[in-house]
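Visitor: Pasting target-v7.txt here (compact mmCIF, C-alpha atoms):
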# COMPACT_ATOMS: atom_id res chain seq x y z
CA MET A 1 19.34 1.72 14.11
CA PRO A 2 16.78 1.73 11.26
CA MET A 3 13.11 1.54 12.15
CA PRO A 4 11.07 -1.27 10.60
CA ALA A 5 9.11 -0.42 7.48
CA ARG A 6 6.84 -3.45 7.80
CA VAL A 7 5.26 -5.31 10.72
CA THR A 8 3.14 -8.42 10.20
CA LEU A 9 0.88 -10.34 12.55
CA GLN A 10 -0.15 -13.88 11.66
CA GLY A 11 -2.38 -16.24 13.59
CA TRP A 12 -3.62 -19.75 12.83
CA GLN A 13 -4.71 -22.97 14.46
CA GLN A 14 -2.38 -25.95 14.21
CA ASP A 15 -3.58 -29.21 15.72
CA GLU A 16 -4.77 -28.26 19.22
CA ARG A 17 -2.73 -25.05 19.43
CA LEU A 18 -3.10 -21.38 18.54
CA MET A 19 -0.01 -20.07 16.78
CA LEU A 20 0.83 -16.33 16.69
CA VAL A 21 3.77 -14.70 14.92
CA ILE A 22 4.67 -11.01 15.04
CA GLU A 23 7.50 -10.04 12.73
CA ASP A 24 9.19 -6.85 11.54
CA ASP A 25 11.89 -6.01 9.01
CA GLY A 26 13.94 -3.73 11.26
CA SER A 27 17.52 -4.25 12.40
CA GLY A 28 16.53 -6.68 15.18
CA LEU A 29 17.21 -6.57 18.89
CA PRO A 30 20.75 -6.01 20.16
CA PRO A 31 22.55 -9.32 20.85
CA GLY A 32 21.49 -10.82 24.18
CA SER A 33 18.84 -8.19 24.91
CA HIS A 34 15.95 -10.61 24.32
CA GLN A 35 17.29 -12.69 27.22
CA GLN A 36 17.53 -9.80 29.71
CA GLY A 37 14.54 -7.49 29.32
CA PHE A 38 11.85 -7.55 32.00
CA GLY A 39 9.11 -7.06 29.40
CA LEU A 40 10.14 -10.12 27.42
CA THR A 41 10.68 -12.12 30.61
CA GLY A 42 7.17 -11.20 31.75
CA MET A 43 5.73 -12.22 28.39
CA ARG A 44 7.51 -15.59 28.60
CA GLU A 45 6.21 -16.15 32.14
CA ARG A 46 2.61 -15.37 31.16
CA VAL A 47 2.70 -17.59 28.08
CA SER A 48 4.33 -20.40 30.09
CA ALA A 49 1.65 -20.12 32.80
CA LEU A 50 -0.92 -20.88 30.06
CA GLY A 51 1.03 -23.95 28.93
CA GLY A 52 2.52 -22.22 25.89
CA THR A 53 5.88 -21.25 24.49
CA LEU A 54 7.36 -17.95 23.33
CA THR A 55 10.44 -17.76 21.13
CA ILE A 56 12.30 -14.77 19.74
CA SER A 57 14.64 -14.69 16.76
CA CYS A 58 16.51 -11.72 15.36
CA THR A 59 18.04 -12.99 12.13
CA HIS A 60 16.38 -10.50 9.74
CA GLY A 61 14.40 -8.08 11.89
CA THR A 62 12.65 -9.44 14.96
CA ARG A 63 10.25 -12.37 15.08
CA VAL A 64 8.20 -13.27 18.17
CA SER A 65 6.43 -16.63 17.98
CA VAL A 66 3.82 -17.79 20.50
CA SER A 67 2.16 -21.19 20.75
CA LEU A 68 -0.81 -21.61 23.14
CA PRO A 69 -3.08 -24.55 23.90
CA GLN A 70 -6.42 -24.20 22.11
CA ARG A 71 -8.36 -24.24 25.39
CA TYR A 72 -7.39 -20.57 25.91
CA VAL A 73 -8.85 -19.41 22.61
How does the structure come out when it is put into structure tokens?

Guide:
Amino acid sequence: MPMPARVTLQGWQQDERLMLVIEDDGSGLPPGSHQQGFGLTGMRERVSALGGTLTISCTHGTRVSVSLPQRYV
């Protein structure tokens, strides 16, 4: 499994929300693993408790996107 050569972190404000995206160019997570891991589950629970959302995609590398209400910034 190749290691990523590049990792990017982006953050911006959109309407009344803070948007964060962390993305790498590695081989991605194994199929289904982003649904099972305790670390990712814990991250989803924490973001949800703040009224936000966390999504993960593994099309080309791994991309974690977080959207939080601005009141937590």

Visitor: Taking only C-alpha atoms into account, name the residue in A:Thr59, A:Gly42, A:Val66, A:Arg71 that is nearest to A:Gly28.

Guide: A:Thr59

Visitor: Find the residues around A:Leu9 up to 8 Å (all atoms listed in the file counted), leave out those fewer than 6 positions away in its own chain, and share them as a PyMOL selection string.

Guide: chain A and resi 20-23

Visitor: How would the residues just chosen look if you wrote them out with C-alpha atoms as a CSV table (one decimal), keeping the file's coordinate frame?

Guide:
chain,number,residue,atom,x,y,z
A,20,LEU,CA,0.8,-16.3,16.7
A,21,VAL,CA,3.8,-14.7,14.9
A,22,ILE,CA,4.7,-11.0,15.0
A,23,GLU,CA,7.5,-10.0,12.7

Visitor: Which polymer residues have any atom within 9 Å of an atom of A:Thr53, counting all atoms listed in the file, with same-chain residues fewer than 5 positions away left out, as a list in words?

Guide: Arg44, Val47, Ser48, Ser65, Val66, Ser67 and Leu68 of chain A

Visitor: How far is it from atom CA of A:Ser27 to atom CA of A:Met43, in Å with one decimal?

Guide: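 Rounded to one decimal, the two atoms are 21.4 Å apart.
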
Visitor: Go ahead and compute the interatomic distance for atom CA of A:Cys58 and atom CA of A:Gln70, in Å to one decimal.

Guide: 27.0 Å

Visitor: Which residue, A:Pro4, A:Asp15, A:Gln10, A:Asp25, has the smallest gap to A:Ser57 when you use all atoms listed in the file?

Guide: A:Asp25

Visitor: Could you state the separation of atom CA of A:Asp24 and atom CA of A:His60 in Å, given to one decimal place?

Guide: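 About the pair atom CA of A:Asp24 and atom CA of A:His60: they are 8.3 Å apart.
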
Visitor: Give the answer as one residue: which of A:Pro69, A:Gly39, A:Gly52, A:Gly26 has the shortest atom-to-atom distance to A:Met3, using all atoms listed in the file?

Guide: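 Ranking A:Pro69, A:Gly39, A:Gly52, A:Gly26 by distance to A:Met3, first place goes to A:Gly26.
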
Visitor: Between A:Leu18, A:Ala5, A:Leu29, A:Ala49, which one has atoms that come closest to A:Arg63, using all atoms listed in the file?

Guide: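 Smallest distance to A:Arg63 is found for A:Leu29.
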
Visitor: Measuring atom to atom with all atoms listed in the file, identify which of A:Glu16, A:Val7, A:Leu50, A:Glu45 is nearest to A:Val64.

Guide: A:Val7
